[in-house]
>>> print(open('coords25.txt').read())   # compact mmCIF, C-alpha atoms
# COMPACT_ATOMS: atom_id res chain seq x y z
CA MET A 542 0.00 0.00 0.00
CA ASN A 543 1.33 3.41 -0.95
CA LEU A 544 1.57 6.39 1.36
CA TYR A 545 -0.20 9.55 0.26
CA ASP A 546 0.00 13.18 1.28
CA TYR A 547 -3.67 14.14 1.46
CA ILE A 548 -4.23 17.85 0.88
CA TYR A 549 -8.03 17.69 0.71
CA VAL A 550 -10.53 15.31 2.31
CA ASP A 551 -14.32 15.62 2.17
CA LEU A 552 -14.82 13.21 5.05
CA ASP A 553 -18.62 13.48 5.20
CA LYS A 554 -18.99 12.45 1.56
CA ALA A 555 -16.46 9.64 1.95
CA ILE A 556 -18.29 8.28 5.01
CA SER A 557 -21.62 8.39 3.17
CA LEU A 558 -20.26 6.36 0.25
CA TYR A 559 -18.40 3.93 2.48
CA SER A 560 -21.47 3.27 4.64
CA GLN A 561 -23.64 2.62 1.57
CA LEU A 562 -21.10 0.22 0.09
CA THR A 563 -20.35 -1.76 3.25
CA GLY A 564 -23.68 -1.43 5.04
CA GLY A 565 -21.87 -0.42 8.19
CA VAL A 566 -21.50 2.70 10.24
CA VAL A 567 -18.09 4.33 10.33
CA GLU A 568 -16.87 5.13 13.82
CA LEU A 569 -14.34 7.89 13.62
CA LYS A 570 -12.82 8.06 17.09
CA GLU A 571 -11.39 5.64 19.54
CA SER A 572 -10.94 6.80 23.08
CA GLN A 573 -11.53 5.32 26.48
CA SER A 574 -12.63 7.41 29.39
CA GLU A 575 -13.45 6.38 32.90
CA LYS A 576 -15.44 8.38 35.39
CA GLY A 577 -15.47 7.46 39.02
CA ALA A 578 -17.28 8.74 42.04
CA THR A 579 -16.84 7.78 45.69
CA ALA A 580 -19.57 8.36 48.24
CA ASP A 581 -19.19 7.84 51.96
CA ASN A 582 -22.22 6.85 54.01
CA LYS A 583 -20.79 6.43 57.46
CA ARG A 584 -22.16 6.97 60.98
CA ASN A 585 -19.86 7.16 63.96
CA TYR A 586 -20.82 5.69 67.37
CA ASP A 587 -18.85 6.14 70.60
CA PHE A 588 -20.02 3.88 73.50
CA LYS A 589 -17.08 4.74 75.69
CA VAL A 590 -15.95 1.16 75.23
CA PHE A 591 -15.24 0.94 71.50
CA LYS A 592 -15.67 2.93 68.33
CA HIS A 593 -17.54 1.60 65.34
CA ASP A 594 -18.16 2.92 61.80
CA ALA A 595 -21.51 1.86 60.41
CA GLY A 596 -22.39 2.22 56.77
CA GLY A 597 -20.02 1.89 53.87
CA THR A 598 -18.35 3.36 50.78
CA SER A 599 -19.73 3.03 47.25
CA HIS A 600 -17.80 3.38 43.96
CA ASP A 601 -19.55 4.23 40.70
CA ILE A 602 -17.47 3.77 37.56
CA GLU A 603 -18.63 4.65 34.04
CA GLN A 604 -16.58 3.56 31.01
CA ASN A 605 -16.99 4.81 27.43
CA LYS A 606 -15.14 3.40 24.46
CA VAL A 607 -15.32 4.68 20.89
CA THR A 608 -13.41 3.18 17.97
CA ILE A 609 -11.20 5.38 15.79
CA LYS A 610 -10.98 4.80 12.05
CA PRO A 611 -8.31 7.15 10.66
CA HIS A 612 -9.67 8.96 7.62
CA HIS A 613 -6.64 8.09 5.48
CA ALA A 614 -7.27 4.38 5.94
CA LEU A 615 -10.98 4.97 5.39
CA LEU A 616 -10.30 6.66 2.04
CA GLN A 617 -8.12 3.81 0.86
CA GLU A 618 -10.73 1.25 1.90
CA LEU A 619 -13.42 3.30 0.16
CA GLU A 620 -11.39 3.34 -3.05
CA THR A 621 -10.98 -0.44 -2.85
CA GLU A 622 -14.72 -0.93 -2.31
CA LEU A 623 -15.66 1.42 -5.15
CA LEU A 624 -13.33 -0.37 -7.55
CA ALA A 625 -14.42 -3.85 -6.48
CA SER A 626 -18.09 -2.90 -6.85
CA GLY A 627 -17.59 -1.40 -10.32
CA TYR A 628 -18.46 2.15 -9.27
CA LEU A 629 -15.01 3.65 -9.89
CA PHE A 630 -13.62 4.54 -13.31
CA ASN A 631 -9.84 4.65 -12.94
CA LEU A 632 -8.67 6.97 -15.69
CA ASP A 633 -5.05 6.17 -14.84
CA ASP A 634 -5.53 2.51 -15.82
CA SER A 635 -7.88 3.16 -18.73
CA THR A 636 -6.84 2.07 -22.20
CA GLU A 637 -9.44 4.48 -23.60
CA LEU A 638 -7.53 7.64 -22.71
CA ASN A 639 -7.01 9.00 -26.19
CA SER A 640 -9.09 12.07 -25.55
CA LEU A 641 -11.64 13.14 -22.96
CA LYS A 642 -13.86 14.02 -25.92
CA ASP A 643 -13.88 10.41 -27.12
CA PRO A 644 -17.53 9.22 -27.22
CA SER A 645 -16.76 5.73 -25.86
CA LEU A 646 -14.81 7.20 -22.94
CA ARG A 647 -17.65 9.56 -22.10
CA VAL A 648 -20.10 6.64 -22.15
CA SER A 649 -17.87 4.83 -19.64
CA LEU A 650 -17.80 7.93 -17.47
CA LYS A 651 -21.60 8.27 -17.59
CA ASN A 652 -21.93 4.67 -16.39
CA ALA A 653 -19.56 5.20 -13.46
CA LEU A 654 -20.28 6.85 -10.13
CA CYS A 655 -16.74 8.04 -9.37
CA ILE A 656 -13.56 8.83 -11.25
CA LYS A 657 -9.92 8.66 -10.26
CA CYS A 658 -7.31 10.55 -12.25
CA THR A 659 -3.71 11.61 -11.80
CA GLY A 660 -1.80 14.49 -13.33
CA ARG A 661 -0.63 18.05 -12.93
CA ILE A 662 -3.15 20.28 -11.19
CA VAL A 663 -4.09 23.95 -11.09
CA ILE A 664 -5.81 25.45 -8.01
CA GLU A 665 -8.13 28.42 -8.58
CA ASP A 666 -9.19 30.23 -5.41
CA TYR A 667 -11.55 33.00 -6.50
CA GLU A 668 -11.89 34.58 -3.07
CA ARG A 669 -8.10 34.86 -2.96
CA MET A 670 -8.16 36.40 -6.44
CA LYS A 671 -10.74 38.95 -5.27
CA LYS A 672 -8.56 39.84 -2.28
CA ILE A 673 -5.52 40.29 -4.53
CA GLY A 674 -7.60 42.47 -6.89
CA HIS A 675 -8.63 44.67 -3.96
CA ASP A 676 -5.00 45.11 -2.86
CA PHE A 677 -3.56 45.29 -6.39
CA PRO A 678 -3.33 49.12 -6.68
CA ASP A 679 -1.42 49.38 -3.40
CA ILE A 680 0.87 46.51 -4.44
CA VAL A 681 1.59 48.16 -7.80
CA ASN A 682 2.32 51.49 -6.13
CA LEU A 683 4.69 49.80 -3.68
CA ILE A 684 6.57 47.95 -6.43
CA ASN A 685 6.83 51.01 -8.65
CA ARG A 686 7.92 53.22 -5.74
CA SER A 687 10.68 50.74 -4.91
CA HIS A 688 11.71 50.62 -8.58
CA GLU A 689 11.67 54.43 -8.76
CA ASP A 690 13.89 54.79 -5.69
CA THR A 691 16.34 52.25 -7.10
CA LEU A 692 16.46 54.17 -10.39
CA LYS A 693 17.05 57.48 -8.62
CA ASN A 694 20.06 56.00 -6.79
CA ASN A 695 21.63 54.91 -10.08
CA PRO A 696 25.01 56.69 -10.71
CA GLU A 697 23.94 57.90 -14.17
CA TYR A 698 20.72 59.36 -12.72
CA LEU A 699 22.64 61.09 -9.91
CA LEU A 700 25.09 62.53 -12.42
CA ILE A 701 22.27 64.15 -14.43
CA GLU A 702 20.63 65.35 -11.21
CA ASN A 703 23.89 67.03 -10.23
CA GLN A 704 24.11 68.72 -13.65
CA ILE A 705 20.58 70.08 -13.18
CA LYS A 706 21.49 71.60 -9.81
CA LYS A 707 24.59 73.27 -11.29
CA LEU A 708 22.60 74.72 -14.19
CA GLU A 709 19.90 76.00 -11.84
CA GLY A 710 22.54 77.84 -9.79
CA ALA A 711 24.80 78.88 -12.65
CA PRO A 712 26.25 82.45 -12.38
CA GLY A 713 26.20 85.03 -15.18
CA ASP A 714 23.96 87.62 -16.73
CA ARG A 715 20.22 87.26 -17.17
CA ASN A 716 20.45 85.68 -20.62
CA ARG A 717 22.96 83.04 -19.52
CA LYS A 718 20.90 82.23 -16.41
CA ALA A 719 17.74 81.88 -18.53
CA ALA A 720 19.52 79.55 -20.96
CA ALA A 721 20.92 77.46 -18.08
CA LYS A 722 17.50 77.19 -16.43
CA GLN A 723 15.94 76.15 -19.74
CA LYS A 724 18.58 73.44 -20.14
CA ALA A 725 17.95 72.29 -16.55
CA LYS A 726 14.20 72.20 -17.25
CA GLU A 727 14.76 70.01 -20.32
CA LEU A 728 17.01 67.62 -18.36
CA ARG A 729 14.43 67.46 -15.55
CA ALA A 730 11.67 66.66 -18.03
CA GLY A 731 13.87 63.89 -19.48
CA LEU A 732 14.44 62.37 -16.04
CA ASP A 733 10.72 62.51 -15.18
CA SER A 734 9.88 60.88 -18.49
CA LEU A 735 12.46 58.15 -17.82
CA VAL A 736 10.99 57.42 -14.38
CA SER A 737 7.38 57.32 -15.59
CA SER A 738 8.21 55.14 -18.63
CA SER A 739 10.25 52.60 -16.67
CA ARG A 740 7.57 51.43 -14.24
CA ALA A 741 8.09 47.85 -13.14
CA VAL A 742 4.34 47.05 -13.18
CA GLU A 743 1.56 48.74 -15.13
CA MET A 744 -1.59 49.69 -13.27
CA VAL A 745 -4.77 47.85 -14.24
CA PRO A 746 -7.76 50.18 -14.77
CA GLN A 747 -9.93 50.29 -11.66
CA TRP A 748 -13.08 49.42 -13.63
CA ILE A 749 -11.51 46.04 -14.52
CA LEU A 750 -10.73 45.29 -10.86
CA ASP A 751 -14.24 46.33 -9.83
CA GLY A 752 -15.75 44.24 -12.61
CA MET A 753 -13.75 41.18 -11.55
CA LYS A 754 -15.09 41.52 -8.00
CA THR A 755 -18.66 41.86 -9.27
CA TRP A 756 -18.26 38.79 -11.49
CA ILE A 757 -16.85 36.67 -8.65
CA ASP A 758 -19.55 37.80 -6.20
CA ALA A 759 -22.27 36.98 -8.74
CA PHE A 760 -21.10 33.65 -10.16
CA LEU A 761 -18.14 32.36 -8.13
CA PRO A 762 -18.64 33.34 -4.47
CA LYS A 763 -16.46 31.30 -2.09
CA ILE A 764 -15.48 29.00 -4.96
CA THR A 765 -12.19 27.13 -5.18
CA ASN A 766 -11.66 24.88 -8.20
CA ILE A 767 -9.09 22.22 -9.03
CA ARG A 768 -8.25 21.36 -12.63
CA VAL A 769 -6.50 18.05 -13.25
CA TYR A 770 -4.64 17.43 -16.51
CA PRO A 771 -4.51 13.62 -16.77
CA SER A 772 -1.12 12.02 -17.31
CA GLY A 773 -0.80 10.81 -20.87
CA GLY A 774 -3.82 12.83 -21.98
CA LYS A 775 -3.97 15.92 -24.13
CA ILE A 776 -2.70 19.10 -22.53
CA ASP A 777 -5.75 21.06 -23.71
CA GLU A 778 -8.18 18.72 -21.88
CA HIS A 779 -8.77 18.46 -18.18
CA ILE A 780 -11.19 17.45 -15.43
CA PHE A 781 -12.19 19.90 -12.76
CA GLY A 782 -13.99 19.88 -9.45
CA HIS A 783 -15.17 22.27 -6.77
CA LEU A 784 -13.36 22.27 -3.43
CA ASP A 785 -14.88 23.29 -0.12
CA ALA A 786 -12.52 25.45 1.94
CA LYS A 787 -13.35 23.57 5.18
CA ASN A 788 -12.04 20.27 3.75
CA PHE A 789 -8.44 21.33 3.11
CA THR A 790 -5.93 19.73 5.44
CA ILE A 791 -4.23 23.14 5.55
CA SER A 792 -7.12 25.38 6.57
CA ASP A 793 -5.44 28.73 5.93
CA PRO A 794 -5.66 29.40 2.15
CA THR A 795 -2.65 31.72 2.26
CA ALA A 796 -0.54 29.04 3.96
CA PHE A 797 -1.79 26.43 1.47
CA HIS A 798 -0.84 28.51 -1.57
CA PHE A 799 2.50 29.39 -0.01
CA THR A 800 3.21 25.68 0.59
CA TYR A 801 1.97 24.12 -2.64
CA GLY A 802 1.46 27.09 -4.95
CA SER A 803 -1.47 27.66 -7.31
CA PHE A 804 0.38 25.60 -9.91
CA PRO A 805 2.09 22.70 -8.05
CA THR A 806 5.09 21.11 -9.75
CA GLU A 807 4.21 17.57 -8.63
CA GLU A 808 1.47 15.23 -9.81
CA PHE A 809 -1.61 14.74 -7.65
CA THR A 810 -4.49 12.26 -7.69
CA MET A 811 -8.13 13.33 -7.50
CA LEU A 812 -10.94 10.97 -6.54
CA GLY A 813 -14.49 12.26 -6.79
CA ILE A 814 -18.09 11.73 -7.84
CA ILE A 815 -18.83 12.49 -11.49
CA THR A 816 -21.50 15.20 -11.62
CA SER A 817 -21.45 16.33 -15.23
CA VAL A 818 -20.47 14.63 -18.51
CA PRO A 819 -22.37 16.64 -21.13
CA SER A 820 -22.28 15.77 -24.80
CA GLU A 821 -20.85 18.14 -27.39
CA ASP A 822 -24.15 17.84 -29.27
CA ASP A 823 -27.18 19.91 -28.32
CA ASP A 824 -28.85 18.69 -25.16
CA PRO A 825 -32.34 17.35 -25.99
CA PHE A 826 -33.53 18.19 -22.49
CA ILE A 827 -35.25 21.61 -22.70
CA PRO A 828 -36.84 22.62 -19.36
CA LEU A 829 -39.14 25.22 -20.95
CA ALA A 830 -40.50 22.94 -23.68
CA GLU A 831 -43.84 22.66 -21.87
CA PHE A 832 -44.55 26.30 -22.78
CA ASP A 833 -44.00 25.82 -26.52
CA LYS A 834 -47.64 26.12 -27.56
CA ASP A 835 -49.81 28.70 -29.28
CA GLU A 836 -51.82 29.86 -26.29
CA LEU A 837 -50.82 30.05 -22.65
CA ALA A 838 -52.97 30.61 -19.61
CA ASP A 839 -52.17 33.67 -17.54
CA HIS A 840 -50.48 31.66 -14.81
CA GLU A 841 -48.43 29.80 -17.46
CA SER A 842 -47.22 33.07 -18.98
CA VAL A 843 -46.09 34.32 -15.59
CA GLU A 844 -44.34 31.04 -14.80
CA ARG A 845 -42.57 30.98 -18.17
CA ALA A 846 -41.37 34.55 -17.64
CA PHE A 847 -39.89 33.84 -14.22
CA ARG A 848 -38.36 30.49 -15.17
CA GLY A 849 -37.03 31.98 -18.38
CA MET A 850 -34.91 34.40 -16.38
CA PHE A 851 -32.89 31.46 -15.03
CA ARG A 852 -32.38 30.08 -18.53
CA GLY A 853 -31.30 33.52 -19.71
CA PHE A 854 -28.28 33.35 -17.40
CA ASP A 855 -27.28 29.85 -18.50
CA GLY A 856 -25.02 31.22 -21.22
CA ILE A 857 -23.15 33.42 -18.76
CA GLU A 858 -22.82 30.64 -16.18
CA ALA A 859 -21.45 28.35 -18.91
CA MET A 860 -18.42 30.65 -19.10
CA VAL A 861 -17.32 29.56 -15.63
CA ARG A 862 -17.99 25.81 -16.01
CA LYS A 863 -16.28 23.11 -18.06
CA PRO A 864 -17.73 19.95 -19.66
CA LEU A 865 -16.45 17.25 -17.29
CA LYS A 866 -17.14 18.15 -13.67
CA VAL A 867 -16.40 16.17 -10.50
CA ALA A 868 -17.54 16.57 -6.90
CA THR A 869 -14.18 15.99 -5.27
CA HIS A 870 -13.85 14.12 -1.99
CA SER A 871 -10.10 13.56 -1.86
CA ILE A 872 -6.90 14.89 -3.39
CA SER A 873 -3.59 13.32 -2.55
CA LYS A 874 0.00 13.73 -3.63
CA LEU A 875 1.57 10.62 -5.08
CA PRO A 876 4.54 9.05 -3.30
CA PRO A 877 7.95 9.34 -4.99
CA GLY A 878 8.91 6.77 -7.57
CA PRO A 879 6.80 4.92 -10.15
CA ARG A 880 3.05 4.85 -9.56
CA GLN A 881 1.54 1.63 -8.31
CA SER A 882 -2.08 0.92 -7.61
CA CYS A 883 -3.04 -0.15 -4.12
CA HIS A 884 -5.82 -2.36 -5.56
CA PRO A 885 -5.50 -6.00 -6.59
CA ARG A 886 -5.96 -6.59 -10.30
>>> encode(input="coords25.txt", output="structure tokens")
Amino acid sequence: MNLYDYIYVDLDKAISLYSQLTGGVVELKESQSEKGATADNKRNYDFKVFKHDAGGTSHDIEQNKVTIKPHHALLQELETELLASGYLFNLDDSTELNSLKDPSLRVSLKNALCIKCTGRIVIEDYERMKKIGHDFPDIVNLINRSHEDTLKNNPEYLLIENQIKKLEGAPGDRNRKAAAKQKAKELRAGLDSLVSSSRAVEMVPQWILDGMKTWIDAFLPKITNIRVYPSGGKIDEHIFGHLDAKNFTISDPTAFHFTYGSFPTEEFTMLGIITSVPSEDDDPFIPLAEFDKDELADHESVERAFRGMFRGFDGIEAMVRKPLKVATHSISKLPPGPRQSCHPR
């Protein structure tokens, strides 16, 4: 069995699938606690001859034991059960991986509950992008100010600056002073032009940054996506899934991106439930087909108008979704060395 570095685990979804497959209940914790209480019920008698304690002492002990099932082992057992039951399509072992657009491959995917695939990944955290967009003007100003100060400390720049000061304070009659000041003005304009034209980073128009925030708030609020480019597949094809921020093993998104980066250099494996495998042909399912008739009752006209508003936004929402979508419940980094499956063949 291989060791994996899990970076994302949707434990609730994994438990649901595992319980359905095995018919059992997953117990997640194993701990043993013991509570004890001692009560004295004693009466003291003194008959001047002897002393006697009547009564006694009682001990109440309560023991609780819960079994732990580590989620890493649970995920590996779940994968074994899914594969053995025929619910898992392992894209890594598939001989059909010529293209994700291949009709026979898409039929296989439609008949499967889950998919497993390995490859390079891209992480897209839209809330993080929105935060960067908000701070972008200040970041650009900081970078350009640093670049400007570096330029102004350049020996060539200081030499011209010194020439300007000498010209501005040059002695002589009025005509010579005027000519020197004009020359200093021209040199100053040249330096200012050099500084403004040599910015390290160009500023993005504010309307673009505001528009990006509006777009994210409308269509991608609190969304983090993963895109997996299968090994051996075409580089222009990929599978993607939505990730819930609470299921990352590193809960701080800034720490996660600092550790792995938005574009990790290593290959990762994604295991998830297939939620969308649309055909490239037109979808015959048309939700508003019931209103395609010559006359509509008043209540039907109102219903069509309101439901039609949702369909009107379908084209815009399609811009932020891709054909093959997966509800991800685990992402793990492969161990070093050649890949080996942990399932018997």
>>> closest_residue(input="coords25.txt", among="A:Gly731, A:Gly713, A:Pro644, A:Pro771", to="A:Glu808", atoms="only C-alpha atoms")
A:Pro771
>>> closest_residue(input="coords25.txt", among="A:Ala625, A:Leu552, A:Met670, A:Ala830", to="A:Thr765", atoms="only C-alpha atoms")
A:Met670
>>> atom_distance(input="coords25.txt", atom1="atom CA of A:Pro678", atom2="atom CA of A:His798")
21.4 Å
>>> atom_distance(input="coords25.txt", atom1="atom CA of A:Arg729", atom2="atom CA of A:Pro746")
28.1 Å
>>> residues_around(input="coords25.txt", residues="A:Ile872", least_positions_apart="4", cutoff="8 Å", atoms="all atoms listed in the file", output="ChimeraX atom specification")
/A:547-550,809-812
>>> write_last_selection(input="coords25.txt", atoms="C-alpha atoms", output="mmCIF file, in the frame of the given file")
data_model
loop_
_atom_site.group_PDB
_atom_site.id
_atom_site.type_symbol
_atom_site.label_atom_id
_atom_site.label_comp_id
_atom_site.auth_asym_id
_atom_site.auth_seq_id
_atom_site.Cartn_x
_atom_site.Cartn_y
_atom_site.Cartn_z
ATOM 1 C CA TYR A 547 -3.670 14.140 1.460
ATOM 2 C CA ILE A 548 -4.230 17.850 0.880
ATOM 3 C CA TYR A 549 -8.030 17.690 0.710
ATOM 4 C CA VAL A 550 -10.530 15.310 2.310
ATOM 5 C CA PHE A 809 -1.610 14.740 -7.650
ATOM 6 C CA THR A 810 -4.490 12.260 -7.690
ATOM 7 C CA MET A 811 -8.130 13.330 -7.500
ATOM 8 C CA LEU A 812 -10.940 10.970 -6.540
#
>>> residues_around(input="coords25.txt", residues="stretch 685-695 of chain A", least_positions_apart="2", cutoff="12 Å", atoms="all atoms listed in the file", output="ChimeraX atom specification")
/A:678-683,697-703,732-744
>>> atom_distance(input="coords25.txt", atom1="atom CA of A:Lys775", atom2="atom CA of A:Leu641")
8.2 Å
>>> residues_around(input="coords25.txt", residues="A:Ile814", least_positions_apart="6", cutoff="6 Å", atoms="only C-alpha atoms", output="VMD selection string")
chain A and resid 654 to 655 867 to 868
>>> residues_around(input="coords25.txt", residues="A:Ile764", least_positions_apart="5", cutoff="7 Å", atoms="all atoms listed in the file", output="list in words")
Asp666, Tyr667, Glu668 and His783 of chain A
>>> closest_residue(input="coords25.txt", among="A:Ser820, A:Ser803, A:Gln561, A:Ser873", to="A:Leu650", atoms="all atoms listed in the file")
A:Ser820
>>> closest_residue(input="coords25.txt", among="A:Tyr801, A:Phe832, A:Tyr559, A:Phe781", to="A:Ile815", atoms="all atoms listed in the file")
A:Phe781
>>> residues_near_point(input="coords25.txt", point="(-22.1, 17.6, -13.5)", cutoff="9 Å", atoms="all atoms listed in the file", output="PyMOL selection string")
chain A and resi 815-819+864-868
>>> closest_residue(input="coords25.txt", among="A:His675, A:Arg845, A:His870, A:Arg647", to="A:Asp553", atoms="all atoms listed in the file")
A:His870
>>> closest_residue(input="coords25.txt", among="A:Arg717, A:Ile656, A:Leu761, A:Gly627", to="A:Ile780", atoms="all atoms listed in the file")
A:Ile656
>>> residues_around(input="coords25.txt", residues="A:Ser557", least_positions_apart="4", cutoff="12 Å", atoms="all atoms listed in the file", output="PDB file with C-alpha atoms, keeping the file's coordinate frame")
ATOM      1  CA  ASP A 551     -14.320  15.620   2.170  1.00  0.00           C
ATOM      2  CA  LEU A 552     -14.820  13.210   5.050  1.00  0.00           C
ATOM      3  CA  ASP A 553     -18.620  13.480   5.200  1.00  0.00           C
ATOM      4  CA  GLN A 561     -23.640   2.620   1.570  1.00  0.00           C
ATOM      5  CA  LEU A 562     -21.100   0.220   0.090  1.00  0.00           C
ATOM      6  CA  THR A 563     -20.350  -1.760   3.250  1.00  0.00           C
ATOM      7  CA  GLY A 564     -23.680  -1.430   5.040  1.00  0.00           C
ATOM      8  CA  GLY A 565     -21.870  -0.420   8.190  1.00  0.00           C
ATOM      9  CA  VAL A 566     -21.500   2.700  10.240  1.00  0.00           C
ATOM     10  CA  VAL A 567     -18.090   4.330  10.330  1.00  0.00           C
ATOM     11  CA  LEU A 615     -10.980   4.970   5.390  1.00  0.00           C
ATOM     12  CA  LEU A 616     -10.300   6.660   2.040  1.00  0.00           C
ATOM     13  CA  LEU A 619     -13.420   3.300   0.160  1.00  0.00           C
ATOM     14  CA  HIS A 870     -13.850  14.120  -1.990  1.00  0.00           C
TER      15      HIS A 870
END
>>> residues_near_point(input="coords25.txt", point="(-19.0, 37.2, -7.3)", cutoff="12 Å", atoms="only C-alpha atoms", output="list in words")
Tyr667, Glu668, Arg669, Met670, Lys671, Lys672, Asp751, Gly752, Met753, Lys754, Thr755, Trp756, Ile757, Asp758, Ala759, Phe760, Leu761, Pro762, Lys763, Ile764, Glu858 and Val861 of chain A
